[in-house]
$ cat model06.cif   # mmCIF, C-alpha atoms; chains and numbers go by the auth columns
data_model
#
loop_
_atom_site.group_PDB
_atom_site.id
_atom_site.type_symbol
_atom_site.label_atom_id
_atom_site.label_comp_id
_atom_site.label_asym_id
_atom_site.label_seq_id
_atom_site.Cartn_x
_atom_site.Cartn_y
_atom_site.Cartn_z
_atom_site.B_iso_or_equiv
_atom_site.auth_seq_id
_atom_site.auth_asym_id
ATOM 1 C CA MET A 1 151.537 69.387 111.673 0.00 4 T
ATOM 2 C CA ILE A 2 152.990 70.510 114.978 0.00 5 T
ATOM 3 C CA GLU A 3 155.172 68.138 116.974 0.00 6 T
ATOM 4 C CA VAL A 4 157.005 68.738 120.244 0.00 7 T
ATOM 5 C CA THR A 5 158.946 66.173 122.244 0.00 8 T
ATOM 6 C CA VAL A 6 160.148 67.012 125.727 0.00 9 T
ATOM 7 C CA THR A 7 162.036 65.073 128.402 0.00 10 T
ATOM 8 C CA VAL A 8 162.571 66.169 132.003 0.00 11 T
ATOM 9 C CA ASP A 9 164.024 64.437 135.052 0.00 12 T
ATOM 10 C CA VAL A 10 162.242 64.616 138.402 0.00 13 T
ATOM 11 C CA ASP A 11 163.534 63.744 141.864 0.00 14 T
ATOM 12 C CA ARG A 12 160.420 61.729 142.764 0.00 15 T
ATOM 13 C CA PRO A 13 159.481 58.046 142.379 0.00 16 T
ATOM 14 C CA ALA A 14 157.879 57.070 139.056 0.00 17 T
ATOM 15 C CA ASP A 15 154.595 55.890 140.601 0.00 18 T
ATOM 16 C CA GLU A 16 154.070 59.267 142.347 0.00 19 T
ATOM 17 C CA VAL A 17 154.962 61.188 139.193 0.00 20 T
ATOM 18 C CA PHE A 18 152.644 59.100 137.026 0.00 21 T
ATOM 19 C CA ALA A 19 149.773 59.376 139.532 0.00 22 T
ATOM 20 C CA PHE A 20 149.972 63.188 139.517 0.00 23 T
ATOM 21 C CA TRP A 21 150.689 63.552 135.800 0.00 24 T
ATOM 22 C CA SER A 22 147.870 61.269 134.697 0.00 25 T
ATOM 23 C CA ASP A 23 145.185 62.877 136.871 0.00 26 T
ATOM 24 C CA TRP A 24 143.849 65.361 134.339 0.00 27 T
ATOM 25 C CA SER A 25 142.326 67.567 137.022 0.00 28 T
ATOM 26 C CA ASN A 26 145.936 68.543 137.923 0.00 29 T
ATOM 27 C CA ASN A 27 146.642 69.972 134.456 0.00 30 T
ATOM 28 C CA PRO A 28 145.679 73.585 135.301 0.00 31 T
ATOM 29 C CA THR A 29 148.271 73.652 138.110 0.00 32 T
ATOM 30 C CA TRP A 30 151.183 73.279 135.693 0.00 33 T
ATOM 31 C CA GLN A 31 149.969 73.988 132.146 0.00 34 T
ATOM 32 C CA SER A 32 149.868 77.637 131.080 0.00 35 T
ATOM 33 C CA GLY A 33 146.648 78.765 129.503 0.00 36 T
ATOM 34 C CA MET A 34 144.707 75.836 130.999 0.00 37 T
ATOM 35 C CA THR A 35 141.554 77.069 132.705 0.00 38 T
ATOM 36 C CA SER A 36 139.805 73.798 133.552 0.00 39 T
ATOM 37 C CA CYS A 37 140.098 70.073 133.162 0.00 40 T
ATOM 38 C CA THR A 38 137.287 67.751 134.193 0.00 41 T
ATOM 39 C CA TRP A 39 136.877 63.981 134.078 0.00 42 T
ATOM 40 C CA THR A 40 133.861 62.947 131.977 0.00 43 T
ATOM 41 C CA SER A 41 134.287 59.290 132.876 0.00 44 T
ATOM 42 C CA GLU A 42 134.752 57.770 136.299 0.00 45 T
ATOM 43 C CA PRO A 43 138.324 57.751 137.596 0.00 46 T
ATOM 44 C CA PRO A 44 140.678 56.001 137.914 0.00 47 T
ATOM 45 C CA LEU A 45 142.533 56.300 134.654 0.00 48 T
ATOM 46 C CA GLN A 46 142.062 53.393 132.267 0.00 49 T
ATOM 47 C CA LEU A 47 141.783 52.649 128.569 0.00 50 T
ATOM 48 C CA GLY A 48 138.762 54.563 127.271 0.00 51 T
ATOM 49 C CA SER A 49 138.772 57.190 130.062 0.00 52 T
ATOM 50 C CA THR A 50 137.614 60.629 128.939 0.00 53 T
ATOM 51 C CA TYR A 51 137.934 64.231 130.041 0.00 54 T
ATOM 52 C CA ASP A 52 137.204 67.759 128.835 0.00 55 T
ATOM 53 C CA GLN A 53 139.528 70.725 129.070 0.00 56 T
ATOM 54 C CA GLN A 54 139.351 74.416 128.376 0.00 57 T
ATOM 55 C CA ALA A 55 142.376 76.537 127.598 0.00 58 T
ATOM 56 C CA THR A 56 143.358 79.688 125.773 0.00 59 T
ATOM 57 C CA MET A 57 146.061 80.218 123.163 0.00 60 T
ATOM 58 C CA LEU A 58 146.775 83.547 121.533 0.00 61 T
ATOM 59 C CA GLY A 59 143.724 84.893 123.357 0.00 62 T
ATOM 60 C CA ARG A 60 141.426 82.364 121.702 0.00 63 T
ATOM 61 C CA PRO A 61 139.558 79.610 123.534 0.00 64 T
ATOM 62 C CA ILE A 62 140.518 76.004 122.894 0.00 65 T
ATOM 63 C CA VAL A 63 137.850 73.573 124.051 0.00 66 T
ATOM 64 C CA SER A 64 138.795 69.909 123.795 0.00 67 T
ATOM 65 C CA SER A 65 137.485 66.478 124.681 0.00 68 T
ATOM 66 C CA PHE A 66 140.045 63.683 125.097 0.00 69 T
ATOM 67 C CA GLU A 67 139.989 59.901 125.230 0.00 70 T
ATOM 68 C CA VAL A 68 142.680 57.517 126.475 0.00 71 T
ATOM 69 C CA VAL A 69 143.581 55.375 123.450 0.00 72 T
ATOM 70 C CA GLU A 70 146.601 53.512 124.908 0.00 73 T
ATOM 71 C CA TYR A 71 147.418 52.806 128.532 0.00 74 T
ATOM 72 C CA GLU A 72 150.069 50.917 130.484 0.00 75 T
ATOM 73 C CA PRO A 73 149.426 51.310 134.255 0.00 76 T
ATOM 74 C CA ASP A 74 152.000 53.497 136.034 0.00 77 T
ATOM 75 C CA ARG A 75 154.060 53.771 132.846 0.00 78 T
ATOM 76 C CA MET A 76 152.427 55.266 129.740 0.00 79 T
ATOM 77 C CA VAL A 77 149.249 56.923 128.546 0.00 80 T
ATOM 78 C CA ARG A 78 148.322 58.139 125.079 0.00 81 T
ATOM 79 C CA ILE A 79 145.389 60.488 124.660 0.00 82 T
ATOM 80 C CA ARG A 80 143.724 61.856 121.572 0.00 83 T
ATOM 81 C CA THR A 81 141.153 64.580 121.086 0.00 84 T
ATOM 82 C CA THR A 82 137.695 63.448 120.099 0.00 85 T
ATOM 83 C CA GLN A 83 136.541 67.060 119.631 0.00 86 T
ATOM 84 C CA SER A 84 138.689 70.177 119.577 0.00 87 T
ATOM 85 C CA THR A 85 139.506 73.451 117.918 0.00 88 T
ATOM 86 C CA LEU A 86 143.109 72.112 117.895 0.00 89 T
ATOM 87 C CA PRO A 87 143.209 68.316 117.358 0.00 90 T
ATOM 88 C CA LEU A 88 145.951 66.731 119.497 0.00 91 T
ATOM 89 C CA ASP A 89 147.587 63.357 120.027 0.00 92 T
ATOM 90 C CA ILE A 90 149.677 63.225 123.231 0.00 93 T
ATOM 91 C CA THR A 91 151.851 60.445 124.595 0.00 94 T
ATOM 92 C CA ARG A 92 153.134 60.664 128.185 0.00 95 T
ATOM 93 C CA ARG A 93 155.585 58.109 129.533 0.00 96 T
ATOM 94 C CA VAL A 94 157.563 57.729 132.776 0.00 97 T
ATOM 95 C CA GLU A 95 160.862 55.894 133.149 0.00 98 T
ATOM 96 C CA PRO A 96 162.210 55.058 136.631 0.00 99 T
ATOM 97 C CA LEU A 97 165.836 56.135 137.083 0.00 100 T
ATOM 98 C CA PRO A 98 168.460 54.176 139.082 0.00 101 T
ATOM 99 C CA ASP A 99 168.709 56.979 141.669 0.00 102 T
ATOM 100 C CA GLY A 100 164.990 56.699 142.502 0.00 103 T
ATOM 101 C CA GLY A 101 163.998 59.634 140.325 0.00 104 T
ATOM 102 C CA THR A 102 161.920 59.616 137.169 0.00 105 T
ATOM 103 C CA ARG A 103 162.394 60.655 133.566 0.00 106 T
ATOM 104 C CA LEU A 104 159.239 62.038 131.968 0.00 107 T
ATOM 105 C CA HIS A 105 158.839 61.841 128.198 0.00 108 T
ATOM 106 C CA ALA A 106 156.049 63.591 126.338 0.00 109 T
ATOM 107 C CA THR A 107 155.269 63.911 122.654 0.00 110 T
ATOM 108 C CA ILE A 108 152.564 66.336 121.603 0.00 111 T
ATOM 109 C CA ARG A 109 151.319 66.287 118.023 0.00 112 T
ATOM 110 C CA GLY A 110 148.766 68.754 116.751 0.00 113 T
ATOM 111 C CA GLU A 111 146.996 69.450 113.508 0.00 114 T
ATOM 112 C CA PRO A 112 146.119 73.152 113.254 0.00 115 T
ATOM 113 C CA GLN A 113 142.834 73.893 111.540 0.00 116 T
ATOM 114 C CA GLY A 114 141.654 76.852 109.452 0.00 117 T
ATOM 115 C CA LEU A 115 143.646 80.042 109.983 0.00 118 T
ATOM 116 C CA GLN A 116 145.903 78.246 112.476 0.00 119 T
ATOM 117 C CA ARG A 117 147.092 76.022 109.611 0.00 120 T
ATOM 118 C CA LEU A 118 148.360 79.082 107.720 0.00 121 T
ATOM 119 C CA LEU A 119 150.349 80.060 110.800 0.00 122 T
ATOM 120 C CA ASN A 120 151.874 76.591 111.260 0.00 123 T
ATOM 121 C CA PRO A 121 155.539 77.732 111.555 0.00 124 T
ATOM 122 C CA VAL A 122 154.581 80.335 114.163 0.00 125 T
ATOM 123 C CA MET A 123 152.312 77.849 115.950 0.00 126 T
ATOM 124 C CA GLN A 124 155.157 75.280 116.050 0.00 127 T
ATOM 125 C CA ARG A 125 157.475 77.747 117.810 0.00 128 T
ATOM 126 C CA LEU A 126 154.758 78.944 120.172 0.00 129 T
ATOM 127 C CA VAL A 127 153.655 75.433 121.146 0.00 130 T
ATOM 128 C CA ASP A 128 157.274 74.282 121.531 0.00 131 T
ATOM 129 C CA ARG A 129 158.087 77.204 123.858 0.00 132 T
ATOM 130 C CA ASN A 130 154.921 76.770 125.924 0.00 133 T
ATOM 131 C CA VAL A 131 155.302 72.984 126.275 0.00 134 T
ATOM 132 C CA ARG A 132 158.934 73.297 127.410 0.00 135 T
ATOM 133 C CA ARG A 133 157.989 75.985 129.930 0.00 136 T
ATOM 134 C CA ASP A 134 155.064 73.885 131.209 0.00 137 T
ATOM 135 C CA TYR A 135 157.225 70.795 131.679 0.00 138 T
ATOM 136 C CA ALA A 136 159.859 72.837 133.534 0.00 139 T
ATOM 137 C CA ARG A 137 157.029 74.065 135.794 0.00 140 T
ATOM 138 C CA LEU A 138 155.830 70.468 136.290 0.00 141 T
ATOM 139 C CA ARG A 139 159.379 69.340 137.153 0.00 142 T
ATOM 140 C CA ASP A 140 159.775 72.165 139.690 0.00 143 T
ATOM 141 C CA LEU A 141 156.360 71.477 141.220 0.00 144 T
ATOM 142 C CA LEU A 142 157.093 67.768 141.613 0.00 145 T
ATOM 143 C CA ASN A 143 160.639 68.329 142.922 0.00 146 T
ATOM 144 C CA ALA A 144 159.298 70.738 145.545 0.00 147 T
ATOM 145 C CA GLY A 145 156.846 68.082 146.720 0.00 148 T
ATOM 146 C CA SER A 146 153.962 70.461 146.005 0.00 149 T
ATOM 147 C CA ALA A 147 152.149 67.929 143.863 0.00 150 T
#

$ encode --input "model06.cif" --output "structure tokens"
Amino acid sequence: MIEVTVTVDVDRPADEVFAFWSDWSNNPTWQSGMTSCTWTSEPPLQLGSTYDQQATMLGRPIVSSFEVVEYEPDRMVRIRTTQSTLPLDITRRVEPLPDGGTRLHATIRGEPQGLQRLLNPVMQRLVDRNVRRDYARLRDLLNAGSA
């Protein structure tokens, strides 16, 4: 099992941060290795919403379908793969800060399959490094007002 938890603070209001962060089509702008992300249900985000994404890791394609399994408007979303070469369970949550900024919390859990399972310690470090880098990129993108 792979698990990464990351927290970053952003100098933007929570509703703006959540709106950008929970629109899956934005994922390729801040997640490394992400090549596409497409809604397969009608937006807006709600319980049961679905999307497909394509990414690469270690030069190998990762094709995944996700479903929203928990949702609190403008606050929290939990997604889980319904099909994937790397099954994931991801929780994203925003917390408004007193200064008008936002604290983002994310927990990514994955269950490597096949050969990936044998490389679990290496996969844990790789995923941890990539997730932290991606969330720093997201923070910088949001702080710059580019999102």

$ resolve_selection --input "model06.cif" --expression "the PyMOL selection byres ((chain T and resi 141) around 9)" --output "ChimeraX atom specification"
/T:13,24,32-34,136-140,142-146,150

$ resolve_selection --input "model06.cif" --expression "the PyMOL selection byres ((chain T and resi 114) around 6)" --output "JSON list (two decimals) with C-alpha atoms, in the frame of the given file"
[["chain", "number", "residue", "atom", "x", "y", "z"],
["T", 4, "MET", "CA", 151.54, 69.39, 111.67],
["T", 90, "PRO", "CA", 143.21, 68.32, 117.36],
["T", 113, "GLY", "CA", 148.77, 68.75, 116.75],
["T", 115, "PRO", "CA", 146.12, 73.15, 113.25]]

$ resolve_selection --input "model06.cif" --expression "the PyMOL selection byres ((chain T and resi 98) around 12)" --output "ChimeraX atom specification"
/T:10-13,15-21,77-79,95-97,99-109

$ atom_distance --input "model06.cif" --atom1 "CA of Glu6 (chain T)" --atom2 "CA of Leu89 (chain T)"
12.7 Å

$ atom_distance --input "model06.cif" --atom1 "CA of Ser35 (chain T)" --atom2 "CA of Asn133 (chain T)"
7.3 Å

$ closest_residue --input "model06.cif" --among "T:Thr110, T:Phe69, T:Ala58, T:Pro64" --to "Thr43 (chain T)" --atoms "all atoms listed in the file"
T:Phe69

$ atom_distance --input "model06.cif" --atom1 "CA of Thr85 (chain T)" --atom2 "CA of Ser67 (chain T)"
7.5 Å

$ closest_residue --input "model06.cif" --among "T:Asp14, T:Pro76, T:Gly36, T:Thr84" --to "Asp55 (chain T)" --atoms "all atoms listed in the file"
T:Thr84

$ axis_aligned_box --input "model06.cif" --around "region 34-46 of chain T" --padding-each-side "8 Å" --output "JSON"
{"center_x": 141.9, "center_y": 68.3, "center_z": 133.5, "size_x": 32.1, "size_y": 37.0, "size_z": 24.1}

$ residues_around --input "model06.cif" --residues "Arg63 (chain T)" --least-positions-apart "3" --cutoff "12 Å" --atoms "only C-alpha atoms" --output "list in words"
Gly36, Met37, Gln57, Ala58, Thr59, Met60, Val66, Thr88, Leu89 and Gln119 of chain T

$ closest_residue --input "model06.cif" --among "T:Glu75, T:Val134, T:Val125, T:Thr41" --to "Leu61 (chain T)" --atoms "all atoms listed in the file"
T:Val125

$ residues_around --input "model06.cif" --residues "Pro46 (chain T)" --least-positions-apart "5" --cutoff "12 Å" --atoms "all atoms listed in the file" --output "list in words"
Ala22, Ser25, Asp26, Trp27, Ser28, Thr41, Gly51, Ser52, Thr53, Tyr54 and Val71 of chain T

$ decode --input "model06.cif" --residues "region 10-24 of chain T" --atoms "all heavy atoms" --output "PDB file, in the first residue's frame"
ATOM      1  N   THR T  10      -0.133  18.771   2.656  1.00  0.00           N
ATOM      2  CA  THR T  10      -0.881  19.969   3.025  1.00  0.00           C
ATOM      3  C   THR T  10      -0.121  21.176   2.503  1.00  0.00           C
ATOM      4  O   THR T  10       1.093  21.264   2.705  1.00  0.00           O
ATOM      5  CB  THR T  10      -1.033  20.068   4.560  1.00  0.00           C
ATOM      6  OG1 THR T  10      -1.715  18.908   5.040  1.00  0.00           O
ATOM      7  CG2 THR T  10      -1.813  21.305   4.960  1.00  0.00           C
ATOM      8  N   VAL T  11      -0.828  22.068   1.807  1.00  0.00           N
ATOM      9  CA  VAL T  11      -0.219  23.314   1.343  1.00  0.00           C
ATOM     10  C   VAL T  11      -1.185  24.461   1.606  1.00  0.00           C
ATOM     11  O   VAL T  11      -2.408  24.275   1.594  1.00  0.00           O
ATOM     12  CB  VAL T  11       0.173  23.279  -0.153  1.00  0.00           C
ATOM     13  CG1 VAL T  11       1.246  22.248  -0.420  1.00  0.00           C
ATOM     14  CG2 VAL T  11      -1.024  23.040  -1.049  1.00  0.00           C
ATOM     15  N   ASP T  12      -0.622  25.642   1.854  1.00  0.00           N
ATOM     16  CA  ASP T  12      -1.416  26.848   2.040  1.00  0.00           C
ATOM     17  C   ASP T  12      -1.363  27.688   0.772  1.00  0.00           C
ATOM     18  O   ASP T  12      -0.302  27.817   0.143  1.00  0.00           O
ATOM     19  CB  ASP T  12      -0.906  27.659   3.224  1.00  0.00           C
ATOM     20  CG  ASP T  12      -1.177  26.986   4.555  1.00  0.00           C
ATOM     21  OD1 ASP T  12      -1.906  25.969   4.578  1.00  0.00           O
ATOM     22  OD2 ASP T  12      -0.659  27.470   5.576  1.00  0.00           O
ATOM     23  N   VAL T  13      -2.516  28.269   0.427  1.00  0.00           N
ATOM     24  CA  VAL T  13      -2.664  29.053  -0.791  1.00  0.00           C
ATOM     25  C   VAL T  13      -3.258  30.406  -0.431  1.00  0.00           C
ATOM     26  O   VAL T  13      -4.154  30.484   0.412  1.00  0.00           O
ATOM     27  CB  VAL T  13      -3.591  28.315  -1.794  1.00  0.00           C
ATOM     28  CG1 VAL T  13      -3.816  29.140  -3.043  1.00  0.00           C
ATOM     29  CG2 VAL T  13      -3.020  26.958  -2.151  1.00  0.00           C
ATOM     30  N   ASP T  14      -2.781  31.441  -1.083  1.00  0.00           N
ATOM     31  CA  ASP T  14      -3.274  32.800  -0.832  1.00  0.00           C
ATOM     32  C   ASP T  14      -4.471  33.132  -1.722  1.00  0.00           C
ATOM     33  O   ASP T  14      -4.480  34.150  -2.424  1.00  0.00           O
ATOM     34  CB  ASP T  14      -2.153  33.818  -1.062  1.00  0.00           C
ATOM     35  CG  ASP T  14      -0.995  33.647  -0.101  1.00  0.00           C
ATOM     36  OD1 ASP T  14      -1.240  33.245   1.045  1.00  0.00           O
ATOM     37  OD2 ASP T  14       0.147  33.912  -0.509  1.00  0.00           O
ATOM     38  N   ARG T  15      -5.470  32.262  -1.705  1.00  0.00           N
ATOM     39  CA  ARG T  15      -6.693  32.453  -2.492  1.00  0.00           C
ATOM     40  C   ARG T  15      -7.865  31.973  -1.641  1.00  0.00           C
ATOM     41  O   ARG T  15      -7.711  31.091  -0.799  1.00  0.00           O
ATOM     42  CB  ARG T  15      -6.665  31.640  -3.789  1.00  0.00           C
ATOM     43  CG  ARG T  15      -5.461  31.814  -4.676  1.00  0.00           C
ATOM     44  CD  ARG T  15      -5.407  33.095  -5.386  1.00  0.00           C
ATOM     45  NE  ARG T  15      -6.506  33.187  -6.339  1.00  0.00           N
ATOM     46  CZ  ARG T  15      -6.764  34.254  -7.038  1.00  0.00           C
ATOM     47  NH1 ARG T  15      -6.040  35.334  -6.871  1.00  0.00           N
ATOM     48  NH2 ARG T  15      -7.749  34.279  -7.886  1.00  0.00           N
ATOM     49  N   PRO T  16      -9.059  32.512  -1.888  1.00  0.00           N
ATOM     50  CA  PRO T  16     -10.240  32.069  -1.129  1.00  0.00           C
ATOM     51  C   PRO T  16     -10.562  30.596  -1.378  1.00  0.00           C
ATOM     52  O   PRO T  16     -10.342  30.063  -2.480  1.00  0.00           O
ATOM     53  CB  PRO T  16     -11.365  32.957  -1.668  1.00  0.00           C
ATOM     54  CG  PRO T  16     -10.682  34.101  -2.340  1.00  0.00           C
ATOM     55  CD  PRO T  16      -9.354  33.593  -2.814  1.00  0.00           C
ATOM     56  N   ALA T  17     -11.101  29.938  -0.373  1.00  0.00           N
ATOM     57  CA  ALA T  17     -11.381  28.496  -0.423  1.00  0.00           C
ATOM     58  C   ALA T  17     -12.313  28.120  -1.562  1.00  0.00           C
ATOM     59  O   ALA T  17     -12.110  27.092  -2.214  1.00  0.00           O
ATOM     60  CB  ALA T  17     -11.953  28.025   0.910  1.00  0.00           C
ATOM     61  N   ASP T  18     -13.344  28.942  -1.842  1.00  0.00           N
ATOM     62  CA  ASP T  18     -14.271  28.569  -2.912  1.00  0.00           C
ATOM     63  C   ASP T  18     -13.590  28.570  -4.277  1.00  0.00           C
ATOM     64  O   ASP T  18     -13.845  27.709  -5.105  1.00  0.00           O
ATOM     65  CB  ASP T  18     -15.522  29.462  -2.907  1.00  0.00           C
ATOM     66  CG  ASP T  18     -15.220  30.938  -3.096  1.00  0.00           C
ATOM     67  OD1 ASP T  18     -14.076  31.381  -2.833  1.00  0.00           O
ATOM     68  OD2 ASP T  18     -16.152  31.664  -3.511  1.00  0.00           O
ATOM     69  N   GLU T  19     -12.675  29.535  -4.521  1.00  0.00           N
ATOM     70  CA  GLU T  19     -11.926  29.564  -5.782  1.00  0.00           C
ATOM     71  C   GLU T  19     -10.989  28.364  -5.894  1.00  0.00           C
ATOM     72  O   GLU T  19     -10.883  27.744  -6.947  1.00  0.00           O
ATOM     73  CB  GLU T  19     -11.103  30.844  -5.892  1.00  0.00           C
ATOM     74  CG  GLU T  19     -11.902  32.092  -6.133  1.00  0.00           C
ATOM     75  CD  GLU T  19     -11.000  33.320  -6.223  1.00  0.00           C
ATOM     76  OE1 GLU T  19      -9.801  33.186  -6.584  1.00  0.00           O
ATOM     77  OE2 GLU T  19     -11.502  34.409  -5.920  1.00  0.00           O
ATOM     78  N   VAL T  20     -10.308  28.062  -4.797  1.00  0.00           N
ATOM     79  CA  VAL T  20      -9.370  26.938  -4.783  1.00  0.00           C
ATOM     80  C   VAL T  20     -10.120  25.639  -5.050  1.00  0.00           C
ATOM     81  O   VAL T  20      -9.726  24.835  -5.900  1.00  0.00           O
ATOM     82  CB  VAL T  20      -8.602  26.874  -3.443  1.00  0.00           C
ATOM     83  CG1 VAL T  20      -7.807  25.582  -3.327  1.00  0.00           C
ATOM     84  CG2 VAL T  20      -7.701  28.094  -3.298  1.00  0.00           C
ATOM     85  N   PHE T  21     -11.232  25.440  -4.350  1.00  0.00           N
ATOM     86  CA  PHE T  21     -11.990  24.199  -4.522  1.00  0.00           C
ATOM     87  C   PHE T  21     -12.533  24.083  -5.944  1.00  0.00           C
ATOM     88  O   PHE T  21     -12.490  23.006  -6.545  1.00  0.00           O
ATOM     89  CB  PHE T  21     -13.129  24.108  -3.508  1.00  0.00           C
ATOM     90  CG  PHE T  21     -13.769  22.746  -3.478  1.00  0.00           C
ATOM     91  CD1 PHE T  21     -13.204  21.715  -2.759  1.00  0.00           C
ATOM     92  CD2 PHE T  21     -14.936  22.487  -4.193  1.00  0.00           C
ATOM     93  CE1 PHE T  21     -13.768  20.449  -2.738  1.00  0.00           C
ATOM     94  CE2 PHE T  21     -15.516  21.234  -4.171  1.00  0.00           C
ATOM     95  CZ  PHE T  21     -14.928  20.209  -3.445  1.00  0.00           C
ATOM     96  N   ALA T  22     -13.024  25.189  -6.499  1.00  0.00           N
ATOM     97  CA  ALA T  22     -13.579  25.165  -7.860  1.00  0.00           C
ATOM     98  C   ALA T  22     -12.520  24.725  -8.872  1.00  0.00           C
ATOM     99  O   ALA T  22     -12.788  23.905  -9.749  1.00  0.00           O
ATOM    100  CB  ALA T  22     -14.142  26.531  -8.232  1.00  0.00           C
ATOM    101  N   PHE T  23     -11.301  25.241  -8.755  1.00  0.00           N
ATOM    102  CA  PHE T  23     -10.235  24.855  -9.675  1.00  0.00           C
ATOM    103  C   PHE T  23      -9.791  23.427  -9.439  1.00  0.00           C
ATOM    104  O   PHE T  23      -9.651  22.627 -10.358  1.00  0.00           O
ATOM    105  CB  PHE T  23      -9.032  25.798  -9.538  1.00  0.00           C
ATOM    106  CG  PHE T  23      -7.907  25.447 -10.471  1.00  0.00           C
ATOM    107  CD1 PHE T  23      -7.942  25.874 -11.783  1.00  0.00           C
ATOM    108  CD2 PHE T  23      -6.837  24.681 -10.038  1.00  0.00           C
ATOM    109  CE1 PHE T  23      -6.912  25.532 -12.671  1.00  0.00           C
ATOM    110  CE2 PHE T  23      -5.810  24.338 -10.900  1.00  0.00           C
ATOM    111  CZ  PHE T  23      -5.842  24.769 -12.220  1.00  0.00           C
ATOM    112  N   TRP T  24      -9.565  23.087  -8.175  1.00  0.00           N
ATOM    113  CA  TRP T  24      -9.006  21.805  -7.765  1.00  0.00           C
ATOM    114  C   TRP T  24      -9.953  20.645  -8.049  1.00  0.00           C
ATOM    115  O   TRP T  24      -9.515  19.526  -8.281  1.00  0.00           O
ATOM    116  CB  TRP T  24      -8.728  21.916  -6.288  1.00  0.00           C
ATOM    117  CG  TRP T  24      -7.815  20.928  -5.660  1.00  0.00           C
ATOM    118  CD1 TRP T  24      -6.854  20.165  -6.246  1.00  0.00           C
ATOM    119  CD2 TRP T  24      -7.763  20.638  -4.273  1.00  0.00           C
ATOM    120  NE1 TRP T  24      -6.212  19.415  -5.299  1.00  0.00           N
ATOM    121  CE2 TRP T  24      -6.750  19.683  -4.082  1.00  0.00           C
ATOM    122  CE3 TRP T  24      -8.475  21.072  -3.175  1.00  0.00           C
ATOM    123  CZ2 TRP T  24      -6.429  19.171  -2.837  1.00  0.00           C
ATOM    124  CZ3 TRP T  24      -8.146  20.562  -1.942  1.00  0.00           C
ATOM    125  CH2 TRP T  24      -7.137  19.624  -1.769  1.00  0.00           C
TER     126      TRP T  24
END
